[in-house]
$ cat target10.txt   # compact mmCIF, C-alpha atoms
# COMPACT_ATOMS: atom_id res chain seq x y z
CA MET A 1 -13.51 -84.12 -131.96
CA ALA A 2 -10.81 -82.09 -130.25
CA ALA A 3 -8.65 -82.19 -133.39
CA ARG A 4 -11.55 -81.02 -135.57
CA ALA A 5 -12.33 -78.22 -133.12
CA ALA A 6 -8.64 -77.20 -132.99
CA SER A 7 -8.31 -77.18 -136.80
CA GLY A 8 -11.57 -75.24 -137.00
CA ALA A 9 -10.27 -72.66 -134.51
CA VAL A 10 -6.94 -72.34 -136.37
CA SER A 11 -8.60 -71.92 -139.74
CA ARG A 12 -11.11 -69.43 -138.34
CA ARG A 13 -8.31 -67.36 -136.82
CA LEU A 14 -6.43 -67.42 -140.10
CA TRP A 15 -9.52 -66.39 -142.04
CA GLN A 16 -10.05 -63.48 -139.63
CA GLY A 17 -6.41 -62.57 -140.05
CA LEU A 18 -6.52 -62.72 -143.85
CA GLY A 19 -9.75 -60.87 -144.23
CA ASN A 20 -13.37 -61.54 -144.94
CA LEU A 21 -13.85 -64.42 -147.28
CA SER A 22 -17.24 -65.75 -148.11
CA THR A 23 -16.60 -69.41 -147.66
CA SER A 24 -19.25 -71.86 -146.62
CA ASN A 25 -18.68 -73.67 -143.34
CA SER A 26 -17.79 -77.11 -144.53
CA LYS A 27 -18.36 -79.97 -142.17
CA SER A 28 -15.68 -82.53 -143.02
CA SER A 29 -12.08 -81.74 -142.20
CA THR A 30 -10.76 -82.61 -145.70
CA THR A 31 -12.94 -80.03 -147.46
CA LYS A 32 -12.01 -77.51 -144.75
CA ASN A 33 -8.34 -78.06 -145.52
CA ALA A 34 -8.99 -77.67 -149.25
CA VAL A 35 -10.84 -74.40 -148.69
CA PHE A 36 -8.08 -73.22 -146.33
CA LEU A 37 -5.41 -73.93 -148.99
CA LEU A 38 -7.46 -72.23 -151.71
CA SER A 39 -8.00 -69.17 -149.54
CA THR A 40 -4.30 -68.88 -148.67
CA GLY A 41 -3.36 -69.26 -152.36
CA VAL A 42 -5.64 -66.45 -153.48
CA LYS A 43 -4.68 -64.14 -150.61
CA TRP A 44 -0.96 -64.75 -151.10
CA ALA A 45 -1.22 -63.70 -154.72
CA GLN A 46 -3.12 -60.60 -153.64
CA PHE A 47 -0.55 -59.62 -151.04
CA SER A 48 2.47 -60.01 -153.29
CA HIS A 49 1.43 -56.96 -155.39
CA LEU A 50 3.24 -58.27 -158.43
CA HIS A 51 1.75 -57.40 -161.81
CA ILE A 52 -1.70 -58.20 -160.46
CA ASP A 53 -3.90 -55.15 -160.40
CA PHE A 54 -7.10 -55.82 -158.56
CA PRO A 55 -9.26 -52.89 -159.59
CA LYS A 56 -10.39 -50.93 -156.56
CA GLU A 57 -14.11 -50.34 -156.27
CA VAL A 58 -14.63 -47.08 -158.13
CA THR A 59 -18.10 -45.58 -158.15
CA LYS A 60 -18.87 -44.67 -161.75
CA PRO A 61 -19.91 -41.02 -162.19
CA ALA A 62 -23.66 -40.73 -162.65
CA ILE A 63 -25.02 -39.17 -165.83
CA THR A 64 -25.72 -35.52 -165.10
CA VAL A 65 -28.73 -33.83 -166.68
CA SER A 66 -28.79 -30.04 -166.59
CA ASP A 67 -30.91 -27.32 -168.19
CA GLU A 68 -27.90 -25.23 -169.21
CA PRO A 69 -27.08 -25.54 -172.89
CA ASP A 70 -23.92 -27.51 -173.66
CA THR A 71 -20.82 -25.56 -174.76
CA LEU A 72 -20.20 -25.76 -178.49
CA TYR A 73 -16.77 -25.92 -180.04
CA LYS A 74 -16.10 -24.73 -183.56
CA ARG A 75 -12.71 -26.42 -183.70
CA LEU A 76 -10.53 -28.53 -181.41
CA SER A 77 -6.87 -28.43 -182.43
CA ILE A 78 -4.65 -31.11 -180.83
CA LEU A 79 -0.91 -30.80 -181.38
CA VAL A 80 1.04 -33.94 -180.46
CA LYS A 81 4.82 -33.75 -180.04
CA ALA A 82 7.32 -36.62 -179.79
CA HIS A 83 10.85 -37.66 -180.60
CA ASP A 84 9.82 -40.84 -182.43
CA LYS A 85 7.91 -40.83 -185.73
CA ALA A 86 6.69 -44.42 -185.35
CA VAL A 87 5.07 -43.61 -182.00
CA LEU A 88 3.34 -40.56 -183.53
CA ASP A 89 2.06 -42.63 -186.47
CA SER A 90 0.53 -45.27 -184.23
CA TYR A 91 -0.98 -42.64 -181.91
CA GLU A 92 -2.50 -40.84 -184.89
CA PHE A 93 -4.06 -44.11 -186.09
CA PHE A 94 -5.52 -44.68 -182.62
CA ALA A 95 -6.87 -41.10 -182.30
CA VAL A 96 -8.44 -41.16 -185.77
CA LEU A 97 -10.07 -44.53 -185.04
CA ALA A 98 -11.49 -43.20 -181.75
CA ALA A 99 -12.82 -40.06 -183.47
CA LYS A 100 -14.48 -42.08 -186.23
CA GLU A 101 -16.12 -44.36 -183.67
CA LEU A 102 -17.59 -41.31 -181.93
CA GLY A 103 -18.59 -39.78 -185.27
CA ILE A 104 -16.33 -36.71 -185.05
CA SER A 105 -14.97 -35.23 -188.26
CA ILE A 106 -11.18 -35.26 -188.03
CA LYS A 107 -8.34 -34.04 -190.23
CA VAL A 108 -4.67 -34.82 -189.65
CA HIS A 109 -1.64 -32.95 -190.94
CA GLU A 110 2.05 -33.03 -190.08
CA PRO A 111 3.67 -29.67 -189.24
CA PRO A 112 7.40 -29.55 -190.06
CA ARG A 113 9.79 -30.89 -187.43
CA LYS A 114 12.06 -28.71 -185.27
CA ILE A 115 15.67 -29.64 -184.51
CA GLU A 116 17.55 -27.97 -181.66
CA ARG A 117 21.32 -28.36 -182.08
CA LEU A 118 24.10 -27.83 -179.53
CA THR A 119 27.82 -27.72 -180.19
CA LEU A 120 29.91 -28.45 -177.08
CA LEU A 121 33.60 -29.01 -176.39
CA LYS A 122 34.52 -32.67 -176.53
CA SER A 123 37.18 -32.49 -173.82
CA VAL A 124 36.99 -31.33 -170.22
CA HIS A 125 40.11 -29.15 -170.61
CA ILE A 126 41.55 -27.39 -173.77
CA PHE A 127 41.23 -29.01 -177.23
CA LYS A 128 39.10 -26.21 -178.62
CA LYS A 129 39.18 -27.58 -182.13
CA HIS A 130 37.47 -30.86 -181.17
CA ARG A 131 33.78 -30.53 -180.48
CA VAL A 132 30.71 -32.72 -180.09
CA GLN A 133 27.35 -31.92 -181.62
CA TYR A 134 24.01 -32.99 -180.12
CA GLU A 135 20.55 -32.47 -181.51
CA MET A 136 17.03 -32.84 -180.15
CA ARG A 137 14.37 -33.51 -182.77
CA THR A 138 10.74 -32.69 -182.08
CA LEU A 139 8.25 -34.20 -184.53
CA TYR A 140 4.69 -32.92 -184.69
CA ARG A 141 1.26 -34.22 -185.63
CA CYS A 142 -1.82 -31.99 -185.65
CA LEU A 143 -5.31 -33.47 -185.25
CA GLU A 144 -8.15 -31.05 -186.04
CA LEU A 145 -11.66 -31.91 -184.94
CA GLU A 146 -14.57 -29.78 -186.19
CA ARG A 147 -18.01 -29.02 -184.78
CA LEU A 148 -18.09 -30.66 -181.33
CA THR A 149 -20.21 -30.38 -178.21
CA GLY A 150 -18.61 -29.92 -174.81
CA CYS A 151 -19.53 -33.40 -173.57
CA THR A 152 -18.12 -35.10 -176.69
CA ALA A 153 -14.96 -33.03 -176.44
CA ASN A 154 -14.47 -33.91 -172.77
CA VAL A 155 -14.99 -37.63 -173.36
CA TYR A 156 -12.74 -37.73 -176.42
CA LEU A 157 -9.97 -35.71 -174.80
CA GLU A 158 -10.05 -37.78 -171.62
CA TYR A 159 -9.81 -41.01 -173.63
CA ILE A 160 -7.00 -39.67 -175.79
CA GLN A 161 -5.04 -38.28 -172.86
CA ARG A 162 -5.31 -41.39 -170.70
CA ASN A 163 -3.76 -43.38 -173.54
CA LEU A 164 -0.99 -40.92 -174.34
CA PRO A 165 2.27 -42.90 -174.74
CA GLU A 166 5.34 -42.11 -172.64
CA GLY A 167 7.58 -39.42 -174.08
CA VAL A 168 4.72 -37.76 -175.99
CA ALA A 169 3.35 -34.31 -175.20
CA MET A 170 0.02 -32.81 -176.22
CA GLU A 171 -1.26 -29.25 -176.60
CA VAL A 172 -4.98 -28.67 -177.00
CA THR A 173 -6.47 -25.48 -178.45
CA LYS A 174 -10.25 -25.11 -178.21
CA THR A 175 -12.21 -22.60 -180.27
CA GLN A 176 -15.58 -22.06 -178.62
CA LEU A 177 -18.79 -20.79 -180.22
CA GLN A 178 -20.70 -18.32 -178.10
CA PRO A 179 -23.92 -16.37 -178.80
CA LEU A 180 -23.38 -12.66 -179.49
CA PRO A 181 -23.82 -10.53 -176.32
CA GLU A 182 -27.15 -8.71 -176.16
CA HIS A 183 -25.75 -5.16 -176.07
CA ILE A 184 -24.08 -5.52 -179.46
CA ARG A 185 -26.71 -7.56 -181.27
CA GLU A 186 -28.12 -4.53 -183.05
CA PRO A 187 -26.07 -1.55 -184.26
CA ILE A 188 -26.25 1.52 -182.03
CA TRP A 189 -27.29 3.91 -184.84
CA GLU A 190 -30.43 1.84 -185.49
CA LYS A 191 -31.27 2.03 -181.79
CA GLU A 192 -30.76 5.83 -181.83
CA VAL A 193 -33.07 6.13 -184.91
CA LYS A 194 -35.70 4.03 -183.07
CA ASP A 195 -35.40 6.23 -179.93
CA LYS A 196 -35.79 9.41 -182.03
CA GLU A 197 -38.87 7.99 -183.76
CA GLU A 198 -40.37 6.99 -180.39
CA SER A 199 -39.65 10.41 -178.87
CA LYS A 200 -41.21 12.15 -181.94
CA ALA A 201 -44.24 9.88 -181.76
CA LYS B 1 25.73 -69.25 -174.98
CA THR B 2 29.37 -68.65 -174.10
CA ASN B 3 31.97 -67.77 -176.66
CA PRO B 4 34.32 -70.76 -177.32
CA ALA B 5 37.21 -68.32 -177.84
CA ASP B 6 36.87 -67.11 -174.22
CA PRO B 7 40.17 -68.06 -172.46
CA ARG B 8 38.64 -67.58 -168.98
CA GLY B 9 36.59 -70.78 -169.18
CA SER B 10 39.03 -73.23 -170.77
CA GLY B 11 42.11 -71.88 -168.94
CA GLY B 12 44.00 -71.46 -172.23
CA SER B 13 46.36 -68.67 -173.29
CA ALA B 14 45.17 -65.04 -173.47
CA ARG B 15 45.12 -64.12 -177.15
CA ALA B 16 46.23 -66.23 -180.06
CA CYS B 17 46.50 -63.24 -182.43
CA SER B 18 46.81 -59.49 -181.88
CA PRO B 19 44.59 -57.65 -182.71
CA PRO B 20 42.24 -60.61 -182.18
CA CYS B 21 40.59 -61.88 -185.33
CA ARG B 22 36.85 -62.36 -185.50
CA ARG B 23 36.84 -65.82 -183.96
CA CYS B 24 39.27 -64.95 -181.13
CA ARG B 25 37.35 -61.97 -179.79
CA PHE B 26 35.74 -62.67 -176.43
CA SER B 27 34.40 -59.56 -174.63
CA PRO B 28 30.60 -59.77 -174.89
CA VAL B 29 28.64 -56.67 -175.71
CA SER B 30 24.85 -56.19 -175.74
CA TYR B 31 22.86 -54.58 -178.59
CA GLU B 32 22.58 -51.33 -176.63
CA GLU B 33 26.32 -51.07 -175.98
CA ALA B 34 27.36 -52.20 -179.48
CA HIS B 35 25.70 -49.24 -181.23
CA ALA B 36 27.06 -45.68 -181.05
CA PRO B 37 24.80 -42.75 -180.03
CA HIS B 38 24.32 -41.60 -183.62
CA TYR B 39 22.23 -44.74 -184.19
CA ILE B 40 19.54 -43.55 -181.75
CA ALA B 41 16.16 -43.36 -183.59
CA HIS B 42 17.70 -45.41 -186.44
CA ARG B 43 18.79 -48.69 -184.89
CA LYS B 44 18.41 -47.91 -181.18
CA GLY B 45 15.54 -46.75 -179.02
CA TRP B 46 15.47 -44.54 -175.96
CA LEU B 47 16.24 -45.75 -172.45
CA SER B 48 14.33 -42.94 -170.80
CA ALA B 49 11.00 -41.67 -172.14
CA HIS B 50 9.82 -38.29 -170.87
CA THR B 51 8.62 -35.04 -172.40
CA GLY B 52 11.31 -32.77 -170.90
CA ASN B 53 13.47 -32.62 -174.02
CA LEU B 54 10.67 -31.78 -176.45
CA ASP B 55 10.40 -28.29 -177.96
CA GLY B 56 8.59 -25.93 -175.57
CA GLU B 57 8.57 -28.37 -172.64
CA ALA B 58 10.28 -27.81 -169.28
CA HIS B 59 11.90 -29.76 -166.41
CA ALA B 60 14.40 -31.73 -168.50
CA ALA B 61 17.11 -31.31 -165.87
CA GLU B 62 14.91 -32.61 -163.03
CA ARG B 63 14.01 -35.71 -165.07
CA THR B 64 17.69 -36.32 -165.87
CA VAL B 65 18.71 -36.10 -162.21
CA GLU B 66 15.88 -38.49 -161.28
CA ASP B 67 17.04 -40.87 -164.02
CA VAL B 68 20.62 -40.89 -162.74
CA PHE B 69 19.44 -41.60 -159.19
CA LEU B 70 17.06 -44.36 -160.33
CA ARG B 71 19.73 -46.14 -162.34
CA LYS B 72 22.17 -46.02 -159.39
CA PHE B 73 19.40 -47.24 -157.10
CA MET B 74 18.54 -50.17 -159.38
CA LEU B 75 22.22 -51.07 -159.72
CA GLY B 76 22.55 -51.17 -155.94
CA THR B 77 19.26 -52.86 -155.10
CA PHE B 78 19.77 -55.75 -157.55
CA PRO B 79 23.50 -56.44 -157.13
CA GLY B 80 24.92 -58.36 -160.06
CA CYS B 81 21.44 -59.15 -161.36
CA LEU B 82 20.83 -56.50 -164.01
CA ALA B 83 21.28 -57.93 -167.49
CA ASP B 84 20.89 -54.69 -169.42
CA HIS B 85 20.35 -50.98 -168.92
CA VAL B 86 17.18 -50.04 -167.01
CA VAL B 87 14.37 -48.53 -169.13
CA LEU B 88 12.42 -45.68 -167.51
CA LYS B 89 9.00 -44.63 -168.76
CA ARG B 90 7.06 -41.65 -167.51
CA ARG B 91 3.37 -41.35 -168.26
CA ALA B 92 1.47 -38.49 -166.60
CA ASN B 93 2.38 -38.85 -162.91
CA GLN B 94 3.47 -42.48 -163.02
CA LEU B 95 6.98 -43.81 -163.32
CA ASP B 96 7.51 -47.30 -164.77
CA ILE B 97 10.90 -48.91 -164.31
CA CYS B 98 11.49 -51.85 -166.67
CA ALA B 99 14.52 -54.04 -166.03
CA LEU B 100 15.95 -57.26 -167.45
CA VAL B 101 17.16 -59.37 -164.54
CA LEU B 102 19.37 -62.45 -164.27
CA ARG B 103 18.20 -65.38 -162.16
CA GLN B 104 20.79 -64.89 -159.44
CA LEU B 105 18.53 -64.54 -156.42
CA PRO B 106 15.69 -66.83 -155.27
CA ALA B 107 12.19 -65.69 -156.18
CA HIS B 108 11.08 -64.59 -152.70
CA LYS B 109 14.06 -62.22 -152.50
CA PHE B 110 13.09 -60.70 -155.84
CA TYR B 111 9.53 -60.18 -154.64
CA PHE B 112 10.76 -58.46 -151.50
CA LEU B 113 13.14 -56.20 -153.44
CA VAL B 114 10.38 -55.24 -155.89
CA GLY B 115 8.00 -54.29 -153.07
CA TYR B 116 10.71 -52.50 -151.14
CA SER B 117 11.93 -50.43 -154.10
CA GLU B 118 8.38 -49.58 -155.26
CA THR B 119 7.31 -48.31 -151.81
CA LEU B 120 10.57 -46.48 -151.13
CA LEU B 121 10.67 -44.73 -154.51
CA SER B 122 6.95 -43.85 -154.36
CA HIS B 123 7.43 -42.19 -151.01
CA PHE B 124 10.62 -40.49 -152.16
CA TYR B 125 9.30 -39.09 -155.45
CA LYS B 126 5.67 -38.65 -154.29
CA CYS B 127 4.34 -40.37 -157.38
CA PRO B 128 3.28 -43.96 -158.21
CA VAL B 129 6.35 -45.98 -159.12
CA ARG B 130 5.97 -49.44 -160.66
CA LEU B 131 8.71 -51.93 -161.28
CA HIS B 132 8.45 -54.42 -164.16
CA LEU B 133 11.03 -57.18 -164.13
CA GLN B 134 11.71 -59.77 -166.77
CA THR B 135 14.08 -62.62 -165.90
CA VAL B 136 16.61 -63.84 -168.42
CA PRO B 137 18.95 -66.87 -168.01
CA ALA B 138 22.05 -64.92 -169.10
CA LYS B 139 23.03 -61.57 -170.57
CA VAL B 140 21.84 -61.31 -174.16
CA VAL B 141 25.00 -60.92 -176.21
CA TYR B 142 24.82 -59.14 -179.57
CA LYS B 143 28.48 -59.54 -180.55
CA TYR B 144 31.95 -60.11 -179.16
CA LEU B 145 34.57 -57.36 -179.33
$ encode --input "target10.txt" --output "structure tokens"
Amino acid sequence: MAARAASGAVSRRLWQGLGNLSTSNSKSSTTKNAVFLLSTGVKWAQFSHLHIDFPKEVTKPAITVSDEPDTLYKRLSILVKAHDKAVLDSYEFFAVLAAKELGISIKVHEPPRKIERLTLLKSVHIFKKHRVQYEMRTLYRCLELERLTGCTANVYLEYIQRNLPEGVAMEVTKTQLQPLPEHIREPIWEKEVKDKEESKA
Amino acid sequence: KTNPADPRGSGGSARACSPPCRRCRFSPVSYEEAHAPHYIAHRKGWLSAHTGNLDGEAHAAERTVEDVFLRKFMLGTFPGCLADHVVLKRRANQLDICALVLRQLPAHKFYFLVGYSETLLSHFYKCPVRLHLQTVPAKVVYKYL
């Protein structure tokens, strides 16, 4: 009796120390020990923070509905830069696949690479005739998406940018479609002719 | 797998022939060290991946200084345990340090060192730093020189 109470008290204290665990209050001491061991095992793994990412509770953003018309993009030009051609090839495959899944028309072309070269002295002191040459190669890939809405563009860009590999840079150029402002919808000379006609009449 | 020509293990004489022929060479060298810098992008990869050196991008010097500090830090935190050069990857704000480690220390010491270095570096660089270790029984030797 006393032993069971003591073990119960110990395990309860440990549970309080470890955190809230929804474990049923088992009656026999053997099952209590089993639960205690299981709880310590799980909690130990959680505390070690090694390659185990428990996703934190993130509230998903609610779908927003607004009366304002969505922005329209004529063209979305994404320039991807990297040092490694293989990385660019695989990223292009991934981006094209994502665009096709969303139903966006996409075209890919490869702008020519740029090489920046430096010639430095090989030695710390004298030996002017002996130099070392370094170069930095930047390879490009241009993805052009046509006829997008703002929401699609935001979703696609967020997905692409979250999965950008290390050592790869991206530049995005958006070309937006806007309605013509009211004061230049009609030519001024037509408006003047209309005013003259109205004043005469 | 040790080299049978290594005189340190057997206690034999230093070098049978000079310069040592192919079977008498005994200084081990990894794949990374065996290849010269002109093989980068052909036979070698990059040890540090960031966008500073790309055309039209900035802060290359800051990344280089950080790299130097991180490599020194890793060398000091895992004494005699690093099997190969440390690989650094930067993605957005995060910094991933990938290291090949020898099984010199007991596991609980490794866990402590991982947690310690992650927290310390995160607070120092004000960005999430993650350490990925892979243990290896011995240094992976590409060839003997």
$ atom_distance --input "target10.txt" --atom1 "atom CA of A:Ala82" --atom2 "atom CA of B:Thr51"
7.7 Å
$ residues_around --input "target10.txt" --residues "stretch 127-131 of chain B" --least-positions-apart "2" --cutoff "6 Å" --atoms "only C-alpha atoms" --output "list in words"
Gln94, Leu95, Asp96, Ile97, Glu118, Ser122 and Tyr125 of chain B
$ interface_residues --input "target10.txt" --of "chain B" --to "chain A" --cutoff "12 Å" --atoms "only C-alpha atoms" --output "count of residues only"
49
$ atom_distance --input "target10.txt" --atom1 "atom CA of A:Asp67" --atom2 "atom CA of A:Val155"
19.7 Å
$ atom_distance --input "target10.txt" --atom1 "atom CA of B:Arg23" --atom2 "atom CA of B:Leu102"
26.5 Å
$ residues_near_point --input "target10.txt" --point "(-20.0, -28.5, -180.3)" --cutoff "6 Å" --atoms "all atoms listed in the file" --output "list in words"
Leu72, Tyr73, Arg147, Leu148, Thr149 and Gly150 of chain A
$ residues_around --input "target10.txt" --residues "A:Val108" --least-positions-apart "4" --cutoff "12 Å" --atoms "only C-alpha atoms" --output "PyMOL selection string"
chain A and resi 76-80+88-89+91-93+95-96+99+140-146
$ residues_near_point --input "target10.txt" --point "(22.6, -46.1, -162.6)" --cutoff "12 Å" --atoms "only C-alpha atoms" --output "list in words"
Leu47, Thr64, Val65, Glu66, Asp67, Val68, Phe69, Leu70, Arg71, Lys72, Phe73, Met74, Leu75, Gly76, Thr77, Phe78, Pro79, Leu82, Asp84, His85, Val86, Val87, Leu88 and Ala99 of chain B
$ write_last_selection --input "target10.txt" --atoms "C-alpha atoms" --output "PDB file, keeping the file's coordinate frame"
ATOM      1  CA  LEU B  47      16.240 -45.750-172.450  1.00  0.00           C
ATOM      2  CA  THR B  64      17.690 -36.320-165.870  1.00  0.00           C
ATOM      3  CA  VAL B  65      18.710 -36.100-162.210  1.00  0.00           C
ATOM      4  CA  GLU B  66      15.880 -38.490-161.280  1.00  0.00           C
ATOM      5  CA  ASP B  67      17.040 -40.870-164.020  1.00  0.00           C
ATOM      6  CA  VAL B  68      20.620 -40.890-162.740  1.00  0.00           C
ATOM      7  CA  PHE B  69      19.440 -41.600-159.190  1.00  0.00           C
ATOM      8  CA  LEU B  70      17.060 -44.360-160.330  1.00  0.00           C
ATOM      9  CA  ARG B  71      19.730 -46.140-162.340  1.00  0.00           C
ATOM     10  CA  LYS B  72      22.170 -46.020-159.390  1.00  0.00           C
ATOM     11  CA  PHE B  73      19.400 -47.240-157.100  1.00  0.00           C
ATOM     12  CA  MET B  74      18.540 -50.170-159.380  1.00  0.00           C
ATOM     13  CA  LEU B  75      22.220 -51.070-159.720  1.00  0.00           C
ATOM     14  CA  GLY B  76      22.550 -51.170-155.940  1.00  0.00           C
ATOM     15  CA  THR B  77      19.260 -52.860-155.100  1.00  0.00           C
ATOM     16  CA  PHE B  78      19.770 -55.750-157.550  1.00  0.00           C
ATOM     17  CA  PRO B  79      23.500 -56.440-157.130  1.00  0.00           C
ATOM     18  CA  LEU B  82      20.830 -56.500-164.010  1.00  0.00           C
ATOM     19  CA  ASP B  84      20.890 -54.690-169.420  1.00  0.00           C
ATOM     20  CA  HIS B  85      20.350 -50.980-168.920  1.00  0.00           C
ATOM     21  CA  VAL B  86      17.180 -50.040-167.010  1.00  0.00           C
ATOM     22  CA  VAL B  87      14.370 -48.530-169.130  1.00  0.00           C
ATOM     23  CA  LEU B  88      12.420 -45.680-167.510  1.00  0.00           C
ATOM     24  CA  ALA B  99      14.520 -54.040-166.030  1.00  0.00           C
TER      25      ALA B  99
END
$ residues_around --input "target10.txt" --residues "B:Lys139" --least-positions-apart "4" --cutoff "10 Å" --atoms "all atoms listed in the file" --output "JSON, numbers by chain"
{"B": [1, 28, 29, 30, 81, 82, 83, 84, 100, 101, 102]}
